[in-house]
Structures are given as structure tokens and as C-alpha cells.
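Reading through the C-alpha cells given below for one structure.
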Amino acid sequence: MLAFSIRRIIGAVPTLLALIAISFFVMRLAPGGPFAANRKLTEAIIANLNKAYHLDEPVWMQFGRYLWGLLHFDFGPSMKYRDFSVTELIVHGFPVSLEIGVWAMLLAGVVGIALGIVGALRRNGVTDLSVGIIAMVGVAIPTFVIGPLLQILFGLKLGWLPIAGWDGSVNAKILPIVVLALPNIAYISRLMRGSMIETLRANYVRTARAKGIGARRVVWKHALTGAMLPVIAYLGPATAITVTGSVIVEQIFGIPGIGRYFVEGAANRDYPLVMGVTILYGGIVILANIVTDVARGIIDPKVSYE
Amino acid sequence: MGNLFARGLGKALLSAAICATALAATPASAEMVINRGFGASPDTLDPHMNFGAREGWIQDDIYEGLVASNDKAEMGPGAAEKWEVSDDGLTWTFHLRDGLKWSNGDPLVAQDFVNGVIRQLDPKTASPRAYYYYSTVKVVGAAEFNEKEGGDPKTVGISAPDDKTVVIKLLAPQPNMLYLMGSYHVPPLHTPSFEKFGGDFIKPENIVNNGPYVMKENVPQSHVTLVKNPNYWDAANVKADKVVYHVTEDDQTELKRFRAGELHVTNEVPSDQLEQLKSEYGDQLRITTYVEAQYLSFNITKQPFDDIRVRKALAYAIDRDVLQNKILKAGYQINCGYSPPNDPRYQQPHVEECDMPKEERVAKAKALLQEAGFGPDNPLKVTIDSTTDNTSKRQAEGIALMWKQIGVEAKVNAQEFQAWMDTFYAGSWEVLNDNLVADMPGPESHVVYMQPSAESGYNWKSDEYEAAMEKASQQSDIAQRYKHLAEAERILLDYYLTVPLNVTTSRHLVSPKLKGWEDNMLDVHPSKYMSVEG
């Protein structure tokens, strides 16, 4: 398993390099530059700015300079948020996105799996139906609708939670975690339900029952592990997306995470910022995929590391 | 058995939900804190780089210029207690107060103000607002020093003959000098910390300030916290202990935070809810005319926009009343001249179609188009380049609709801000949905901007305009200066290079608990004058 993981990590290096190269050049194809404000700048000032950020050099030279910086863990200066380097922005923002994202995925995993099991065990009953309806609503209502609704209910009407802002308190984290978790709860519960129903019909579960094993043990020990496989396959990429933040949830709740940098960096042609978050995201996706594969190998006897 | 299991899980979920909603109230504190909505995270708080107006609020709180703005946006003594101007209006001498200190206790001297200007002009700093010292204010040697690296700072017309005197030499008189010197335009530089930390001297752990407040925290995308500066000369009159600028990117969330009492004042008010909020909040809703003018610009290097009949026809076809009151409904003010009309001493020239009845306007527009060779068989095709900003896009679409009514095939090309800028520089646009924010009240920021020599992007050259501007720039008497500026603006309007549309507004919700907030056209609000009661 260790050898497998190391092989996969080494195998990821060319992928990451390709990601860096493609993003770097594609970014520069977009029209516009990073230094526009509400006033058009004079040529002398634009020349000064381009020089300061080496944008007056040929693109291949800029790419070389960028790779050289990366080798030293230097993602370059942010062109939009000039008081910070990209590394500083990520160091400030990523722990916040990670914290919210991890809690949201834990919540989504536990609740989603639980609801899925409940649905599968009480198939076509009232409970299953209501869980199903809630799940569909959770998938269908976008976060930019559910977020403000929860703000109005818990922040304004009940006054229990702050509307937005990030002061490090638990209260400030509840609503964003819940809002991030909701669509995942919905999706995971549907996935889990379907997979559980199928597994409960599987031959090995029938065998287990025939051997006289109790219902609880059949569900926990035999069916659950098998039914988890599709959920685990989903959890990998979903976690990668969630821990790198959501621009919508961050804007609504005023969370200082990194999700917005994907959008703002691109909109402002902040080349180093876009590169920084893209590389981070790429790295996390690769890592999440490796973890998922390893986990599947542990659970599913049909998967081998060779 | 399955039932039991499912029931147990349900209970567990329920209790988890109850736990999640167990809450604590925010702790009360004795210190006075002002919570201000800020909008999107600041681009930069570097005093010599920033030219954002919102970032300027923080600059005004942590730095004090030679002169400073009060709560009504009037310029008065700041670090300098008095000043004189020479008779020719070219030499300004500022005298600093006694015993001025930086927040770390270092003495604040005249050279610090000189160093601030030099850093801003230094090409190595690459400050986007270096032009402040050679556009509306023309400091001797400033443009040359900014253009080429390695210049001698002594060639720039700002000096400190002694620790308490700053002398500024201008190429041309500027009666509005104080507005341009005031507040965050000319902040001093704490040279030792700049030498030690370079560009990082503005990090909260390194920063040394000379304003009523000191920056304590700057968390990207979250908040900027300022605390009272005990070494500020007027600290006894600074009421609040702490000012927190909260990043509020989403204006709907900001509104809810204001409703919940988390903010004393908002940065913005959702423009589509103005009517409802007015009836709900009454005079807590503050809508004030701002120094920003919005207008259309024509690219006269492109056919057929080189034909004044075409430009005039398109201008005539616009119904400003419908645009403001039916389409935008953002509380904007109709503008009939190029500059925002906000100085009663200035006689603003108007475009003629502003006072025409609708029928006459439309008839003339159609006639002009026909004269220029366009008609039903050969319709004029126009594209308006706009940003994707909601209000701008709506404005462009409204105008396109009005043009369609006179038989023009008009469409809107809405692009992201950066791409829109690129279109402008590349000169590939036909009609631009354009705007400009002034640095001071009065017409000058705007008419200077349209000077062909100052702004290459518009490709417009006019000897008469340059002559009128040259005359204006030689006047130190404001009435005389305004007379020539009005001549210049008249020339610009008659040429139909632009079509004036409106003057925008600043919009805030201000809690009755917040005292000392004054509405003003520059939208300047120093926290020094504010306090929280109740």
C-alpha cells in the first residue's frame, strides 16, 4: 500500500506540471491586464507597473521566473491585493476554508450516510419518502438561496447566530458549515440509499442472513462496508472541492477563505493568485484521489494495489 | 430491529441539531467600537499606492496629511496648522504643528512629508497614482521624475527647509490645492520603518502611523481593525477606542448585518430596494450626490462616429428622464454637462438637447441620421461596450433600446471590467459606457481628464480646448479659472465626444446610534468625528 501511494504521488508530478503550464499560458490569453482601476492610467505609469511585475518580459521568460519561484515555495505577489503575497493570502485563507470544509464534509458524511441507511431500511415508507423529498430539495435549492434564508431565520428572527463575519467563534461557523454541508448531505443520502438497497440484495448479504446472523450485524458489518464504496468514491473529489472554499458561501457569510480567489483572481487578471490557488486545488484533488483509491483498496477485496 | 436502529439514529440527529443551535451572546465590552461596512476587501492600504475611495477612509483614519478633511469634507489644518501661498500662486509653504509624533513616539518632521511624495513618484514604487502630482496639481519636476528611473529627488518641487516647514513649488497655480493635498492624497512616510521593511512597512506588525488611529489588524477578506493612537496631537478629541472595517462583499448580507445591529453603517445599499428601505428606515437611509459622472464616449477614429451628425443624432435620441427614473431607479441625478455639477460658483454649460421636448429631440435625431446617409435601407449599426456591472449594463441596454426607436441597430457588449479596459486601450470600441470619479468638488478633475494631451485613449485633439485649459491653468482666482474651464467644457460638449448621462450617488444606512456621520459629496467620513451612543 505504501509503495502504491508513493508510486501514485510520483505519478502526479507530471500531471501537476501540465496543470501549471496550461493554466499559466491560458490565463494570459484572456483579454485585459491586472492594472486597471476606475481611472485610465498614463503610459508612463503602466510601464512602471509592468516593469515592477516583470510583465514587460516575454511570456516564456515569465514562465521560467515563475517556475523558479515555485521551487522556492514563492507563489509571487498578488497583483490585486497588493499588500499581500499569494503565499500570505493562501496561508491566511486556506486554514479557514479547510476548517469549514472539513466540518461540512464530516457533517455531510455522517448525516448523509445515516439518512441513506434509514431510507434504505425503510424503503418506500413515510420516512424514506420524507428523507427523499428533503434530499431533492437540498440538491435543488442553491446555496445562494438557502444561505440568506438561514441568515434571516437564525440571525434576524431568532437572533441566535451572527449574520456573517469571522471572529473565530463557534457561532460564526455554524451557518456556513451547515450551508456547505446541505447539498452534500442530500447527494450522499441518495447515493447511500441506492447503494445500500442494492447491497442488501447482494448474494453475500443473503448468505450472511441465511447463516442466521442478526439484522443489526448484517447491516453494520456486511452491508454497510460494501454499500460505502460509491460514497467513498464521491467523497474524495467532493472533499477537495469543499475544503478549497466556495465563493458563494464565503461572500454571503463574509468568510475569509480562499474560494473567492478562484473567481476574483481570474476576473482581476491576478495571474499569480490564480496560479497559486489552481496549484493548491490541483494538489488537493490529486491527494484526495490517492486517499480514495487507498480507502477503496482497504474496503473492497476486489481492488488490488498492483 | 431495522426500525429500532433507524429510530436511534433519528434521535442522535435531533440531539446533534439541538447542540448545533446552542448559542452564546456576544460579550459586552466597555470600550467604544465603531463597526463600519467596507464592501470588498481593500486592494491596498499602502498610502502611496492606493487610490480607491473606500481604502481612503482607512487612510484618513491612520494617516494625517498636511491638511485634512473634516466630517463635512471641508479641508482644514491637519499636521500643518497654517500655510501661505505666494502671490503668483506657485509656491505653497506649510507650517507643521509643534511636537508632532508618530504612533511609536518618533518625532514627525517635514522631511517625512517630502519622502512620502518622493516615494509615490519613484518609478520603482510603480504607484498607479503617481499622476496626482502632475495632472491637476502640477508639481515642478514631478512628471520627469516619475518617467525615468534614477532621477534626482531634489529636482522635484517639494522640500523641507527645516523640520517644521514644507515648501511645494508648482508649475501652474491651483486654487483647489488644499483638496488635492488633503487627507490621503499626501500622507507622510515613516522613513525608518520603510527602510527596514520595504513594501512590508504597512503590515500591522510593522506599521507606524500619524493619524487619529493606528492599524492593528488587516485580515484579508475579513476585517481591518484600527485602535486609537495615543500619540496623535488631537487624541483627546478622538472618541471611539476602536474602529473595525468589516469586509462586506455581498450587499444583501451587509444589509442583514445592519438590521441585526452588527454594523453601525453600511458601505452600500442594494439599489433595487431603495424605495422599500426609504419607507422602512426613513432618514437612516442616506443618499448623497457623489462626484462621479457617467457618460457615453464616442470613438471618433471609427466611421461613422467621425461624423458629428451621427454622434449628435445618437445623443438626441436619449431620454435622460426615462433612463434615470424608469430604467435605473438608483437615485442618480440627471446631468446635462460633462462634469458633475456640485460647485455653485461654476456655471456649467449644458448640451442643448437636455431642454428640448421629446418630439423635437427625436425628430431632429432622425433628420440628422438621414442627413448622414442612414435610413431604413441602410441602418446605422452601433455596439455599446459596457462592463458587466448591473447598473452599467442596464444603462447601456436602456440606451440601446432608445436608439432602436430611431431605427438604429444597437447592441450591448457587456464585458468583465478588465476586458472592458482592454477594449478601451486597444481602441476597438465604438461607443463606451464610461465614467469618471473626481478628486475634488468642481469641474476641474473632469475637464482636465479630457485634455487630449493628458489622456491618449480618446484620440481627440482640439487646439481650442487646449488653449482654454491653458488659460484656466494660469488663473489663481477661482472665478476666472472657472470661466475658462466652462469655455473648455462648452467646446467638449459641442463636439459631442461624450454624451452626459448622470451623476451617481453614495448610499449608506446609518444607525441612529452612530453620531457624527455627515453626508457629503466626496463621501469622506473620518472616524475621528464619530462616536457610538446607546
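Letters A, B, ... go to the chains of the C-alpha cells in the order shown; residues in each chain start at 1; ligands are counted from 1 in the same order.
Those residues that approach Ala172 of chain A to within 10 Å, counting only C-alpha atoms, are Leu161, Pro162, Ile163, Ala164, Gly165, Trp166, Asp167, Gly168, Ser169, Val170, Ile174, Leu175, Pro176, Ile177, Phe253, Gly254 and Ile255 of chain A; same-chain residues fewer than 2 positions away are not listed.
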message = Quick one: residues within 10 Å of Pro95 of chain A, only C-alpha atoms, excluding same-chain residues fewer than 3 positions away - as a PyMOL selection string?
response = chain A and resi 90-92+98-101+243-244+256-258
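Near segment 274-276 of chain A, within a cut-off of 8 Å and counting only C-alpha atoms, sit the residues A:Ile20, A:Ser23, A:Phe24, A:Phe75, A:Val86, A:Thr87, A:Ile90, A:Tyr261, A:Phe262, A:Gly265, A:Ala266, A:Asp270, A:Leu280, with same-chain residues fewer than 4 positions away left out.
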Write a file of the selected residues as a short mmCIF file (atom, residue, chain, number, x, y, z; two decimals), in the first residue's frame, keeping N, CA, C and O atoms.
data_model
loop_
_atom_site.label_atom_id
_atom_site.label_comp_id
_atom_site.auth_asym_id
_atom_site.auth_seq_id
_atom_site.Cartn_x
_atom_site.Cartn_y
_atom_site.Cartn_z
N ILE A 20 0.20 23.38 -14.27
CA ILE A 20 0.86 24.68 -14.10
C ILE A 20 1.06 25.33 -15.47
O ILE A 20 0.70 26.50 -15.67
N SER A 23 -2.38 26.31 -17.18
CA SER A 23 -3.02 27.48 -16.52
C SER A 23 -2.24 28.75 -16.81
O SER A 23 -2.81 29.80 -17.06
N PHE A 24 -0.91 28.64 -16.75
CA PHE A 24 -0.08 29.84 -16.92
C PHE A 24 -0.34 30.48 -18.28
O PHE A 24 -0.57 31.69 -18.37
N PHE A 75 5.00 31.90 -4.47
CA PHE A 75 3.95 31.98 -5.48
C PHE A 75 3.86 33.36 -6.12
O PHE A 75 3.00 33.63 -6.92
N VAL A 86 0.91 36.02 -2.64
CA VAL A 86 -0.06 34.94 -2.83
C VAL A 86 0.09 33.92 -1.70
O VAL A 86 -0.89 33.40 -1.18
N THR A 87 1.35 33.64 -1.32
CA THR A 87 1.58 32.70 -0.22
C THR A 87 0.87 33.19 1.04
O THR A 87 0.20 32.42 1.72
N ILE A 90 -2.87 32.67 0.82
CA ILE A 90 -3.25 31.27 0.99
C ILE A 90 -3.06 30.85 2.45
O ILE A 90 -3.91 30.17 3.02
N TYR A 261 -10.90 33.49 -4.35
CA TYR A 261 -9.72 33.83 -5.16
C TYR A 261 -9.76 33.18 -6.54
O TYR A 261 -9.16 33.67 -7.47
N PHE A 262 -10.48 32.03 -6.65
CA PHE A 262 -10.58 31.40 -7.96
C PHE A 262 -11.31 32.34 -8.91
O PHE A 262 -10.95 32.51 -10.06
N GLY A 265 -9.50 36.27 -8.64
CA GLY A 265 -8.19 36.24 -9.26
C GLY A 265 -8.34 36.26 -10.77
O GLY A 265 -7.68 37.02 -11.47
N ALA A 266 -9.25 35.43 -11.27
CA ALA A 266 -9.45 35.37 -12.71
C ALA A 266 -10.05 36.66 -13.23
O ALA A 266 -9.59 37.22 -14.22
N ASP A 270 -5.35 38.57 -11.92
CA ASP A 270 -4.28 38.48 -10.94
C ASP A 270 -3.59 37.14 -11.18
O ASP A 270 -3.89 36.14 -10.54
N LEU A 280 -2.78 24.73 -5.72
CA LEU A 280 -3.24 24.18 -4.44
C LEU A 280 -4.41 23.21 -4.66
O LEU A 280 -4.41 22.08 -4.16
#
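Distances from B:Thr165, B:Gln221, B:Asn390, B:Gln120 to chain A were compared using only C-alpha atoms, and the smallest one belongs to B:Gln221.
Of note, atom CA of Val118 of chain A and atom CA of Thr225 of chain A are spaced 15.5 Å apart.
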ask   = Near segment 374-380 of chain B, counting only C-alpha atoms, which residues have an atom at most 10 Å away, once you skip same-chain residues fewer than 6 positions from it, shown as a ChimeraX atom specification?
value = /B:304,310,366-368,403-404,406-410
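Shortest atom-to-atom contact with Ala140 of chain A among A:Ala18, A:Leu182, A:Ala202, A:Ile252: A:Leu182, counting only C-alpha atoms.
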task = Would you please extract all strand (DSSP E or B) residues from segment 20-107 of chain B, as assigned by DSSP on the backbone, and give them as a ChimeraX atom specification?
result = /B:33-39,67-69,75-77,80-85,91-96,101,107
Members of segment 120-167 of chain A assigned helix (DSSP H, G or I) by DSSP, as a ChimeraX atom specification = /A:120-121,126-140,143-157
